[in-house]
Structure formats: structure tokens, C-alpha cells
>>> print(open('model-v8.cif').read())   # mmCIF, C-alpha atoms
data_target
loop_
_atom_site.group_PDB
_atom_site.id
_atom_site.type_symbol
_atom_site.label_atom_id
_atom_site.label_comp_id
_atom_site.auth_asym_id
_atom_site.auth_seq_id
_atom_site.Cartn_x
_atom_site.Cartn_y
_atom_site.Cartn_z
ATOM 1 C CA MET F 23 23.919 9.947 3.295
ATOM 2 C CA SER F 24 22.571 10.041 -0.253
ATOM 3 C CA SER F 25 23.871 12.736 -2.586
ATOM 4 C CA PHE F 26 20.290 14.010 -2.836
ATOM 5 C CA ALA F 27 20.192 14.616 0.935
ATOM 6 C CA ALA F 28 23.577 16.372 0.833
ATOM 7 C CA GLN F 29 22.446 18.582 -2.054
ATOM 8 C CA SER F 30 19.254 19.432 -0.156
ATOM 9 C CA LYS F 31 21.247 20.453 2.938
ATOM 10 C CA ASN F 32 23.662 22.555 0.898
ATOM 11 C CA GLU F 33 20.662 24.341 -0.618
ATOM 12 C CA LEU F 34 19.216 25.008 2.857
ATOM 13 C CA THR F 35 22.415 26.771 4.002
ATOM 14 C CA ARG F 36 21.638 29.464 1.391
ATOM 15 C CA VAL F 37 18.084 30.196 2.609
ATOM 16 C CA GLU F 38 17.721 33.818 3.746
ATOM 17 C CA SER F 39 15.701 34.368 6.934
ATOM 18 C CA PRO F 40 15.076 37.018 9.634
ATOM 19 C CA PRO F 41 16.868 36.908 13.040
ATOM 20 C CA CYS F 42 14.005 35.120 14.844
ATOM 21 C CA CYS F 43 14.127 32.286 12.291
ATOM 22 C CA ARG F 44 17.924 32.110 12.372
ATOM 23 C CA ARG F 45 17.719 31.720 16.148
ATOM 24 C CA ALA F 46 15.213 28.838 15.860
ATOM 25 C CA GLU F 47 17.331 27.208 13.151
ATOM 26 C CA LEU F 48 20.539 27.492 15.195
ATOM 27 C CA SER F 49 18.757 26.165 18.282
ATOM 28 C CA ALA F 50 17.826 22.971 16.391
ATOM 29 C CA LEU F 51 21.365 22.591 15.019
ATOM 30 C CA VAL F 52 22.928 23.020 18.468
ATOM 31 C CA ARG F 53 20.351 20.847 20.233
ATOM 32 C CA ILE F 54 21.007 17.893 17.917
ATOM 33 C CA ASN F 55 24.683 18.327 16.991
ATOM 34 C CA GLY F 56 25.961 20.166 20.059
ATOM 35 C CA THR F 57 28.009 18.713 22.907
ATOM 36 C CA VAL F 58 28.416 20.534 26.221
ATOM 37 C CA SER F 59 31.438 19.931 28.453
ATOM 38 C CA LEU F 60 33.206 21.640 31.365
ATOM 39 C CA HIS F 61 36.742 23.003 31.102
ATOM 40 C CA ARG F 62 38.248 24.813 34.112
ATOM 41 C CA ARG F 63 34.728 25.303 35.531
ATOM 42 C CA SER F 64 33.563 26.955 32.298
ATOM 43 C CA ILE F 65 31.016 25.602 29.817
ATOM 44 C CA VAL F 66 32.392 24.606 26.414
ATOM 45 C CA LEU F 67 30.049 24.045 23.474
ATOM 46 C CA ASP F 68 31.095 22.044 20.384
ATOM 47 C CA VAL F 69 28.739 21.891 17.390
ATOM 48 C CA THR F 70 29.900 19.191 14.968
ATOM 49 C CA THR F 71 29.049 18.272 11.413
ATOM 50 C CA GLU F 72 30.632 16.400 8.507
ATOM 51 C CA ASN F 73 29.224 18.881 5.983
ATOM 52 C CA ALA F 74 31.563 21.797 5.281
ATOM 53 C CA ALA F 75 28.732 24.031 4.031
ATOM 54 C CA ILE F 76 26.744 23.448 7.231
ATOM 55 C CA ALA F 77 29.851 24.149 9.343
ATOM 56 C CA ARG F 78 30.269 27.506 7.571
ATOM 57 C CA HIS F 79 26.551 28.171 8.041
ATOM 58 C CA ILE F 80 26.747 27.502 11.802
ATOM 59 C CA PHE F 81 29.739 29.867 12.056
ATOM 60 C CA THR F 82 27.768 32.562 10.184
ATOM 61 C CA LEU F 83 24.740 32.114 12.454
ATOM 62 C CA PHE F 84 26.832 32.521 15.622
ATOM 63 C CA LYS F 85 28.533 35.580 14.171
ATOM 64 C CA GLY F 86 25.321 37.188 12.902
ATOM 65 C CA LEU F 87 23.169 36.535 15.972
ATOM 66 C CA TYR F 88 25.698 37.017 18.777
ATOM 67 C CA GLY F 89 28.656 38.821 17.237
ATOM 68 C CA ILE F 90 31.020 36.012 18.236
ATOM 69 C CA HIS F 91 33.528 34.016 16.211
ATOM 70 C CA PRO F 92 33.616 30.327 17.210
ATOM 71 C CA GLU F 93 36.897 28.497 17.050
ATOM 72 C CA VAL F 94 36.750 26.198 14.019
ATOM 73 C CA LEU F 95 38.482 22.831 14.261
ATOM 74 C CA VAL F 96 38.790 20.114 11.615
ATOM 75 C CA ARG F 97 39.514 16.486 12.429
ATOM 76 C CA LYS F 98 39.669 13.334 10.343
ATOM 77 C CA LYS F 99 37.380 10.470 11.321
ATOM 78 C CA VAL F 100 39.323 7.350 12.273
ATOM 79 C CA ARG F 101 36.696 4.817 11.206
ATOM 80 C CA LEU F 102 34.669 4.072 8.104
ATOM 81 C CA LYS F 103 35.048 6.658 5.330
ATOM 82 C CA LYS F 104 37.443 8.869 7.308
ATOM 83 C CA ASN F 105 35.515 12.033 6.443
ATOM 84 C CA ASN F 106 36.438 15.384 7.933
ATOM 85 C CA VAL F 107 34.527 16.414 11.056
ATOM 86 C CA TYR F 108 34.102 20.168 11.571
ATOM 87 C CA PHE F 109 33.783 21.686 15.065
ATOM 88 C CA ASN F 110 32.424 25.134 15.891
ATOM 89 C CA ARG F 111 33.644 25.639 19.469
ATOM 90 C CA LEU F 112 32.386 28.248 21.927
ATOM 91 C CA THR F 113 34.050 28.769 25.301
ATOM 92 C CA GLU F 114 33.475 32.156 26.952
ATOM 93 C CA ASP F 115 30.039 32.786 25.416
ATOM 94 C CA ALA F 116 28.678 29.213 25.513
ATOM 95 C CA LYS F 117 26.467 29.675 28.570
ATOM 96 C CA ARG F 118 24.878 32.884 27.247
ATOM 97 C CA VAL F 119 24.205 31.309 23.849
ATOM 98 C CA LEU F 120 22.730 28.100 25.286
ATOM 99 C CA LEU F 121 20.357 30.114 27.472
ATOM 100 C CA ASP F 122 19.302 32.368 24.610
ATOM 101 C CA LEU F 123 18.725 29.382 22.299
ATOM 102 C CA LYS F 124 16.476 27.892 25.015
ATOM 103 C CA ILE F 125 18.566 24.722 25.185
ATOM 104 C CA LEU F 126 19.435 25.388 28.821
ATOM 105 C CA GLN F 127 17.219 27.127 31.364
ATOM 106 C CA ARG F 128 17.696 28.382 34.902
ATOM 107 C CA GLY F 129 16.136 26.266 37.636
ATOM 108 C CA HIS F 130 16.031 26.585 41.421
ATOM 109 C CA GLY F 131 19.038 28.259 42.931
ATOM 110 C CA ASP F 132 20.150 29.501 39.495
ATOM 111 C CA ARG F 133 20.929 25.906 38.554
ATOM 112 C CA LEU F 134 21.091 25.176 34.809
ATOM 113 C CA THR F 135 18.905 22.388 33.414
ATOM 114 C CA GLN F 136 18.196 21.169 29.907
ATOM 115 C CA THR F 137 14.954 22.425 28.371
ATOM 116 C CA GLU F 138 12.454 19.660 27.723
ATOM 117 C CA GLY F 139 11.241 19.346 24.137
ATOM 118 C CA ILE F 140 11.236 22.632 22.203
ATOM 119 C CA ASP F 141 10.672 25.900 24.031
ATOM 120 C CA PRO F 142 7.400 27.445 22.708
ATOM 121 C CA GLU F 143 9.043 30.868 22.431
ATOM 122 C CA LEU F 144 11.354 29.592 19.670
ATOM 123 C CA ILE F 145 8.508 28.388 17.459
ATOM 124 C CA ARG F 146 5.825 30.970 18.199
ATOM 125 C CA SER F 147 5.416 32.004 14.536
ATOM 126 C CA SER F 148 4.957 29.804 11.467
ATOM 127 C CA CYS F 149 8.214 31.016 9.865
ATOM 128 C CA CYS F 150 10.162 30.040 12.999
ATOM 129 C CA ARG F 151 8.526 26.596 13.062
ATOM 130 C CA ARG F 152 9.704 26.083 9.492
ATOM 131 C CA ALA F 153 13.177 27.345 10.434
ATOM 132 C CA TYR F 154 13.427 24.945 13.394
ATOM 133 C CA LEU F 155 12.586 22.006 11.117
ATOM 134 C CA ARG F 156 15.138 23.298 8.615
ATOM 135 C CA GLY F 157 17.835 23.330 11.298
ATOM 136 C CA ALA F 158 16.849 19.881 12.553
ATOM 137 C CA PHE F 159 17.054 18.446 9.037
ATOM 138 C CA MET F 160 20.467 20.033 8.422
ATOM 139 C CA ALA F 161 21.692 18.655 11.750
ATOM 140 C CA SER F 162 20.742 14.984 11.375
ATOM 141 C CA GLY F 163 18.216 14.589 8.581
ATOM 142 C CA SER F 164 18.380 12.194 5.674
ATOM 143 C CA VAL F 165 16.120 11.507 2.724
ATOM 144 C CA ASN F 166 16.235 8.713 0.176
ATOM 145 C CA ASN F 167 17.203 9.584 -3.340
ATOM 146 C CA PRO F 168 13.863 9.781 -5.218
ATOM 147 C CA ASP F 169 15.337 7.512 -7.916
ATOM 148 C CA SER F 170 15.454 4.674 -5.376
ATOM 149 C CA GLY F 171 12.572 2.276 -4.921
ATOM 150 C CA SER F 172 11.100 3.826 -1.775
ATOM 151 C CA TYR F 173 10.407 7.155 -0.091
ATOM 152 C CA HIS F 174 11.818 7.809 3.379
ATOM 153 C CA LEU F 175 12.805 10.965 5.261
ATOM 154 C CA GLU F 176 14.032 10.997 8.840
ATOM 155 C CA ILE F 177 15.550 13.204 11.549
ATOM 156 C CA VAL F 178 17.553 11.565 14.363
ATOM 157 C CA THR F 179 17.863 13.010 17.867
ATOM 158 C CA THR F 180 19.244 11.634 21.123
ATOM 159 C CA TYR F 181 16.374 12.441 23.467
ATOM 160 C CA GLN F 182 12.850 11.085 23.416
ATOM 161 C CA ASP F 183 11.245 14.368 24.525
ATOM 162 C CA HIS F 184 12.971 16.227 21.690
ATOM 163 C CA ALA F 185 11.951 13.595 19.104
ATOM 164 C CA ALA F 186 8.337 13.804 20.287
ATOM 165 C CA ALA F 187 8.448 17.612 20.046
ATOM 166 C CA ILE F 188 9.851 17.514 16.487
ATOM 167 C CA CYS F 189 7.171 14.987 15.529
ATOM 168 C CA ARG F 190 4.429 17.250 16.938
ATOM 169 C CA LEU F 191 5.956 20.209 15.121
ATOM 170 C CA MET F 192 5.948 18.310 11.809
ATOM 171 C CA ASN F 193 2.360 17.249 12.335
ATOM 172 C CA ARG F 194 1.284 20.852 12.824
ATOM 173 C CA PHE F 195 1.940 20.942 9.069
ATOM 174 C CA HIS F 196 -0.071 17.672 8.617
ATOM 175 C CA LEU F 197 2.965 15.632 7.554
ATOM 176 C CA HIS F 198 1.893 12.297 9.160
ATOM 177 C CA ALA F 199 5.258 12.010 10.964
ATOM 178 C CA LYS F 200 5.962 9.190 13.427
ATOM 179 C CA VAL F 201 8.673 8.366 16.004
ATOM 180 C CA ILE F 202 10.599 5.133 16.440
ATOM 181 C CA GLU F 203 13.379 4.250 18.886
ATOM 182 C CA ARG F 204 16.752 3.012 17.655
ATOM 183 C CA LYS F 205 19.957 2.020 19.420
ATOM 184 C CA LYS F 206 21.546 5.474 19.283
ATOM 185 C CA GLY F 207 18.449 7.579 19.857
ATOM 186 C CA TYR F 208 15.031 8.355 18.404
ATOM 187 C CA VAL F 209 14.019 8.783 14.782
ATOM 188 C CA VAL F 210 11.233 11.024 13.486
ATOM 189 C CA TYR F 211 10.274 9.806 10.019
ATOM 190 C CA ILE F 212 7.931 10.321 7.070
ATOM 191 C CA LYS F 213 7.200 7.528 4.578
ATOM 192 C CA GLU F 214 4.719 9.109 2.141
ATOM 193 C CA GLY F 215 6.166 10.618 -1.029
ATOM 194 C CA ASP F 216 3.750 13.552 -1.189
ATOM 195 C CA LYS F 217 4.372 14.401 2.505
ATOM 196 C CA ILE F 218 8.143 14.350 1.949
ATOM 197 C CA GLY F 219 7.601 16.798 -0.910
ATOM 198 C CA GLU F 220 5.563 19.029 1.411
ATOM 199 C CA PHE F 221 8.318 18.877 4.057
ATOM 200 C CA LEU F 222 10.972 19.968 1.529
ATOM 201 C CA SER F 223 8.745 22.889 0.583
ATOM 202 C CA ILE F 224 8.151 23.829 4.234
ATOM 203 C CA ILE F 225 11.870 24.012 5.068
ATOM 204 C CA GLY F 226 12.687 25.961 1.887
ATOM 205 C CA ALA F 227 14.440 23.275 -0.201
ATOM 206 C CA HIS F 228 12.633 24.331 -3.368
ATOM 207 C CA GLN F 229 15.202 23.131 -5.938
ATOM 208 C CA SER F 230 15.338 19.749 -4.224
ATOM 209 C CA LEU F 231 11.542 19.673 -4.211
ATOM 210 C CA LEU F 232 11.411 20.283 -7.978
ATOM 211 C CA HIS F 233 13.856 17.430 -8.601
ATOM 212 C CA PHE F 234 11.969 15.194 -6.168
ATOM 213 C CA GLU F 235 8.623 15.876 -7.867
ATOM 214 C CA ASP F 236 10.077 15.451 -11.382
ATOM 215 C CA VAL F 237 11.357 11.991 -10.446
ATOM 216 C CA ARG F 238 8.041 11.106 -8.770
ATOM 217 C CA ILE F 239 6.082 12.135 -11.884
ATOM 218 C CA MET F 240 8.352 10.064 -14.131
ATOM 219 C CA LYS F 241 8.024 7.057 -11.810
ATOM 220 C CA ASP F 242 4.233 7.416 -11.752
ATOM 221 C CA MET F 243 4.175 7.644 -15.554
ATOM 222 C CA ARG F 244 6.348 4.547 -15.886
ATOM 223 C CA ASN F 245 4.124 2.683 -13.439
ATOM 224 C CA SER F 246 1.007 3.748 -15.352
ATOM 225 C CA VAL F 247 2.538 2.645 -18.661
ATOM 226 C CA ASN F 248 3.562 -0.686 -17.131
ATOM 227 C CA ARG F 249 0.050 -1.217 -15.794
ATOM 228 C CA LEU F 250 -1.433 -0.453 -19.222
ATOM 229 C CA VAL F 251 1.049 -2.758 -20.958
ATOM 230 C CA ASN F 252 0.344 -5.531 -18.460
ATOM 231 C CA CYS F 253 -3.391 -5.048 -18.938
ATOM 232 C CA GLU F 254 -3.063 -5.082 -22.724
ATOM 233 C CA THR F 255 -0.844 -8.172 -22.542
ATOM 234 C CA ALA F 256 -3.348 -9.953 -20.310
ATOM 235 C CA ASN F 257 -6.208 -9.072 -22.661
ATOM 236 C CA LEU F 258 -4.194 -10.213 -25.675
ATOM 237 C CA ASN F 259 -3.409 -13.518 -23.974
ATOM 238 C CA LYS F 260 -7.100 -14.017 -23.223
ATOM 239 C CA THR F 261 -7.978 -13.249 -26.847
ATOM 240 C CA ILE F 262 -5.377 -15.695 -28.178
ATOM 241 C CA GLN F 263 -6.474 -18.453 -25.777
ATOM 242 C CA ALA F 264 -10.129 -17.918 -26.719
ATOM 243 C CA ALA F 265 -9.304 -18.032 -30.434
ATOM 244 C CA MET F 266 -7.299 -21.267 -29.990
ATOM 245 C CA ARG F 267 -10.186 -22.840 -28.091
ATOM 246 C CA GLN F 268 -12.643 -21.746 -30.791
ATOM 247 C CA ILE F 269 -10.501 -23.207 -33.580
ATOM 248 C CA GLU F 270 -10.057 -26.446 -31.673
ATOM 249 C CA ASN F 271 -13.839 -26.727 -31.265
ATOM 250 C CA ILE F 272 -14.494 -25.901 -34.925
ATOM 251 C CA ARG F 273 -11.958 -28.562 -36.036
ATOM 252 C CA LEU F 274 -13.741 -31.109 -33.816
ATOM 253 C CA ILE F 275 -17.111 -30.226 -35.346
ATOM 254 C CA GLU F 276 -15.575 -30.445 -38.817
ATOM 255 C CA ARG F 277 -14.227 -33.952 -38.110
ATOM 256 C CA GLU F 278 -17.186 -35.398 -36.258
ATOM 257 C CA LEU F 279 -20.109 -33.659 -37.896
ATOM 258 C CA GLY F 280 -19.011 -31.605 -40.883
ATOM 259 C CA LEU F 281 -19.374 -27.833 -41.130
ATOM 260 C CA ASP F 282 -21.968 -28.214 -43.892
ATOM 261 C CA GLN F 283 -24.337 -29.667 -41.262
ATOM 262 C CA LEU F 284 -24.321 -26.442 -39.281
ATOM 263 C CA PRO F 285 -26.888 -23.646 -39.665
ATOM 264 C CA ALA F 286 -25.727 -21.020 -42.175
ATOM 265 C CA ARG F 287 -24.853 -18.373 -39.581
ATOM 266 C CA LEU F 288 -22.762 -20.775 -37.525
ATOM 267 C CA ARG F 289 -21.067 -22.219 -40.613
ATOM 268 C CA GLU F 290 -20.108 -18.740 -41.837
ATOM 269 C CA VAL F 291 -18.507 -17.695 -38.550
ATOM 270 C CA ALA F 292 -16.700 -21.073 -38.259
ATOM 271 C CA GLU F 293 -15.201 -20.789 -41.758
ATOM 272 C CA VAL F 294 -14.025 -17.196 -41.235
ATOM 273 C CA ARG F 295 -12.496 -18.062 -37.834
ATOM 274 C CA LEU F 296 -10.557 -20.975 -39.384
ATOM 275 C CA LYS F 297 -9.312 -18.717 -42.158
ATOM 276 C CA TYR F 298 -8.341 -15.813 -39.876
ATOM 277 C CA PRO F 299 -7.423 -17.245 -36.429
ATOM 278 C CA GLU F 300 -5.672 -14.059 -35.225
ATOM 279 C CA ILE F 301 -8.386 -11.438 -35.773
ATOM 280 C CA THR F 302 -10.594 -9.970 -33.044
ATOM 281 C CA LEU F 303 -14.323 -10.598 -32.719
ATOM 282 C CA THR F 304 -15.082 -7.124 -34.075
ATOM 283 C CA GLU F 305 -12.907 -7.736 -37.148
ATOM 284 C CA LEU F 306 -14.423 -11.189 -37.549
ATOM 285 C CA GLY F 307 -17.932 -9.666 -37.592
ATOM 286 C CA GLN F 308 -16.928 -7.257 -40.351
ATOM 287 C CA MET F 309 -15.629 -10.123 -42.542
ATOM 288 C CA LEU F 310 -18.784 -12.242 -42.390
ATOM 289 C CA PRO F 311 -21.028 -12.387 -45.499
ATOM 290 C CA GLY F 312 -23.278 -9.359 -45.317
ATOM 291 C CA GLY F 313 -20.718 -7.616 -43.051
ATOM 292 C CA LYS F 314 -21.022 -5.543 -39.901
ATOM 293 C CA VAL F 315 -22.251 -8.258 -37.570
ATOM 294 C CA SER F 316 -21.887 -6.957 -34.017
ATOM 295 C CA LYS F 317 -19.246 -8.254 -31.634
ATOM 296 C CA SER F 318 -21.896 -9.600 -29.247
ATOM 297 C CA ALA F 319 -23.625 -11.445 -32.134
ATOM 298 C CA VAL F 320 -20.312 -13.016 -33.206
ATOM 299 C CA ASN F 321 -19.596 -13.999 -29.594
ATOM 300 C CA HIS F 322 -23.071 -15.572 -29.316
ATOM 301 C CA ARG F 323 -22.485 -17.680 -32.460
ATOM 302 C CA LEU F 324 -19.064 -18.824 -31.219
ATOM 303 C CA ARG F 325 -20.609 -19.872 -27.907
ATOM 304 C CA LYS F 326 -23.127 -21.956 -29.863
ATOM 305 C CA LEU F 327 -20.226 -23.658 -31.634
ATOM 306 C CA ASP F 328 -18.589 -24.299 -28.225
ATOM 307 C CA GLU F 329 -21.802 -25.934 -27.009
ATOM 308 C CA ILE F 330 -21.991 -28.179 -30.093
ATOM 309 C CA ALA F 331 -18.327 -29.183 -29.643
ATOM 310 C CA ASN F 332 -18.910 -29.999 -25.956
ATOM 311 C CA GLN F 333 -21.946 -32.131 -26.846
ATOM 312 C CA LEU F 334 -19.828 -34.016 -29.389
ATOM 313 C CA ARG F 335 -17.136 -34.612 -26.735
ATOM 314 C CA ARG F 336 -19.661 -35.946 -24.252
ATOM 315 C CA HIS F 337 -21.158 -38.182 -26.933
ATOM 316 C CA THR F 338 -17.713 -39.501 -27.857
ATOM 317 C CA GLU F 339 -16.757 -40.112 -24.225
ATOM 318 C CA GLY F 340 -20.070 -41.897 -23.656
#
>>> encode(input="model-v8.cif", output="C-alpha cells")
Amino acid sequence: MSSFAAQSKNELTRVESPPCCRRAELSALVRINGTVSLHRRSIVLDVTTENAAIARHIFTLFKGLYGIHPEVLVRKKVRLKKNNVYFNRLTEDAKRVLLDLKILQRGHGDRLTQTEGIDPELIRSSCCRRAYLRGAFMASGSVNNPDSGSYHLEIVTTYQDHAAAICRLMNRFHLHAKVIERKKGYVVYIKEGDKIGEFLSIIGAHQSLLHFEDVRIMKDMRNSVNRLVNCETANLNKTIQAAMRQIENIRLIERELGLDQLPARLREVAEVRLKYPEITLTELGQMLPGGKVSKSAVNHRLRKLDEIANQLRRHTEG
């Protein structure tokens, strides 16, 4: 995960919210990062994360909402970077919590089944919808560092129905989110820079949003400057090539015909162009005898010289 994503998640653990929002947020965290197992015919819930701040936040949510203290376990990953993995474990109260968070529901014969998608009760109000997305992002979200070459934000979840529900929830905020399947689950993603900025604002990551927008503005400015420089360079190259062609034609006329054989206006512009090959057409017009000949008039005279040079070439080739 990029340091920008980690900083964003750490910021989100400090967002203050009312109990209804904390419940929606915890439901998303448990739904994505929770694992349910049976031990001695009792339900055990483990909520895992590699982020210490998020682990503390999950503990605080359980304590604040349900008055319970999960058992906290820390293990070292065996593979890859060997980061710590933090477990918030519930045993006695797991069933009650899972039912209240609308992750499990009672079916026929009091049988427990997993809730499909996101229960509407959790996200009835706009603040709770924002909180659910905040929890989902803390659980499995990632976002590219804005200094990188592309914009990409995603949330990963195991189940297709849950991914589709998160995508619909995002698009209630007009975020243009989409879903794609990967080997280990389903990914809800946003590719547009401005929509990623809106998402960060929606979930309450305001400091991260400011940094994200600052980098975007600087990148846009650099791109604009590069476009202007490229445009100026292209125009300069065209000007230089045109001037070289004009001088070549004037030299040909001078050799084959003689500049003194040209009409006065053409002779004047030819002599000044030979003397000052690097100046623009506007500057050339100001240096002609009498001065202040317009750019279009200078261009017209140079085209006449081009025509004379081309006639001389055809005559020579013939």
C-alpha cells in the first residue's frame, strides 16, 4: 500500500461521528476484514488488519458501541514483508454483534444466514452512507500516490453481492465507480482524479484531499507549461524552416537572375531577409524602407519570391 493510502487511513481513524455512523463504519470493517468460525459450538469473530491505528480504532468501536473489550492478538506474517497482523477477537458477544451490524440475519427456524449486499437500515441516512464507505476504505481500500503517473482508487471485497452494493453506494454520490473480478475477490474502483478527490471528501479524509488536490494542480500546471513550451518550440521550428527556405530561394534568384532585376518592393524584402535571417515577419516589416509594413504584406512579398524561385528551378530543370 502506498504511504499516501496509509496516511489517509490513519486520518480516517480520527474522524468523529455519531453512534449510527460508527455502527455503519464498523459493519463495513467487519464485513470485509472479519472471519467467522465455530469454537465449542460458539461463534468466534476475528477482525484483522495490518494497520495498528485501524486495529485500535476497531477496538474503540466495539467498546463504544457494545461495551465489550475484544481480545487483541498480534502475529507476524510469515511471507513477504513479515508485517504485524492485528486481531480483534470476539467470542461470547460475536453473535449479538454480527446480528446488530446486519452482517448475519435470522432465517427460517432461527437459522443464521449472511446478509446479501448492504442492509438498507445501515445506510438510511447520508452520513451513514459516508461512514460505510469510510469503513470499507479503511478495511481494504487503496489509492495511488497522487505523485505517480496515474489516478486509481479501489476497495476489495470477497463477495460479488457486496462489491455490487458498494459500487451502487458510491454511485449514489455520482463517483462513476465500476466493479471488476480478480482472483481473490471483487474490486470496486474509480479511475478519474476529480472523482477520487470527491470520494476522499465524502469519507472525511480532508487533509489527504488537500494534498491530493495540491499535487493535481501542480501536475496540471506542469502539463500546461509543457504544452505551451511544445507549441512555442513547434512554432519556432516552423519559423526557422520558413526563413531557411526563403533565404535559399533568394540566393537562387540572386545567382540566376540578380536581385536588381526584381521589383523594388520584392528587392527590399529580399535584401533585409538576407541581412537578418533570424527575425520574424513582423520585425522584418518594421525594418523595410518606409517601415511598418504589415506582416501579411511581408508574407505576400516572400511568397512572390518563392514563386519566382520555383519558376527558375523549373526553367533550369527544363
>>> closest_residue(input="model-v8.cif", among="F:Val201, F:Met160, F:Leu144, F:Val37", to="Ala74 of chain F", atoms="all atoms listed in the file")
F:Met160
>>> residues_around(input="model-v8.cif", residues="Thr70 of chain F", least_positions_apart="2", cutoff="7 Å", atoms="only C-alpha atoms", output="list of chain:residue names")
F:Asn55, F:Gly56, F:Asp68, F:Val107, F:Tyr108, F:Phe109, F:Asn110
>>> closest_residue(input="model-v8.cif", among="F:Glu38, F:Ala46, F:Val119, F:Thr57", to="Asp141 of chain F", atoms="all atoms listed in the file")
F:Ala46
>>> residues_around(input="model-v8.cif", residues="Leu34 of chain F", least_positions_apart="2", cutoff="10 Å", atoms="all atoms listed in the file", output="list in words")
Ala28, Gln29, Ser30, Lys31, Asn32, Arg36, Val37, Glu38, Ala75, Ile76, His79, Ala153, Arg156, Gly157, Phe159, Met160, Leu222, Ile225, Gly226, Ala227, His228, Gln229 and Ser230 of chain F
>>> write_last_selection(input="model-v8.cif", atoms="C-alpha atoms", output="CSV table (one decimal), in the coordinates of the input")
chain,number,residue,atom,x,y,z
F,28,ALA,CA,23.6,16.4,0.8
F,29,GLN,CA,22.4,18.6,-2.1
F,30,SER,CA,19.3,19.4,-0.2
F,31,LYS,CA,21.2,20.5,2.9
F,32,ASN,CA,23.7,22.6,0.9
F,36,ARG,CA,21.6,29.5,1.4
F,37,VAL,CA,18.1,30.2,2.6
F,38,GLU,CA,17.7,33.8,3.7
F,75,ALA,CA,28.7,24.0,4.0
F,76,ILE,CA,26.7,23.4,7.2
F,79,HIS,CA,26.6,28.2,8.0
F,153,ALA,CA,13.2,27.3,10.4
F,156,ARG,CA,15.1,23.3,8.6
F,157,GLY,CA,17.8,23.3,11.3
F,159,PHE,CA,17.1,18.4,9.0
F,160,MET,CA,20.5,20.0,8.4
F,222,LEU,CA,11.0,20.0,1.5
F,225,ILE,CA,11.9,24.0,5.1
F,226,GLY,CA,12.7,26.0,1.9
F,227,ALA,CA,14.4,23.3,-0.2
F,228,HIS,CA,12.6,24.3,-3.4
F,229,GLN,CA,15.2,23.1,-5.9
F,230,SER,CA,15.3,19.7,-4.2
>>> residues_around(input="model-v8.cif", residues="Gly89 of chain F", least_positions_apart="6", cutoff="12 Å", atoms="all atoms listed in the file", output="list in words")
Phe81, Thr82, Leu83, Asp115 and Val119 of chain F
>>> write_last_selection(input="model-v8.cif", atoms="C-alpha atoms", output="PDB file, keeping the file's coordinate frame")
ATOM      1  CA  PHE F  81      29.739  29.867  12.056  1.00  0.00           C
ATOM      2  CA  THR F  82      27.768  32.562  10.184  1.00  0.00           C
ATOM      3  CA  LEU F  83      24.740  32.114  12.454  1.00  0.00           C
ATOM      4  CA  ASP F 115      30.039  32.786  25.416  1.00  0.00           C
ATOM      5  CA  VAL F 119      24.205  31.309  23.849  1.00  0.00           C
TER       6      VAL F 119
END
>>> atom_distance(input="model-v8.cif", atom1="atom CA of Leu155 of chain F", atom2="atom CA of Ala186 of chain F")
13.0 Å
>>> closest_residue(input="model-v8.cif", among="F:Val58, F:Ala265, F:Asp169, F:Ser147", to="Glu235 of chain F", atoms="all atoms listed in the file")
F:Asp169
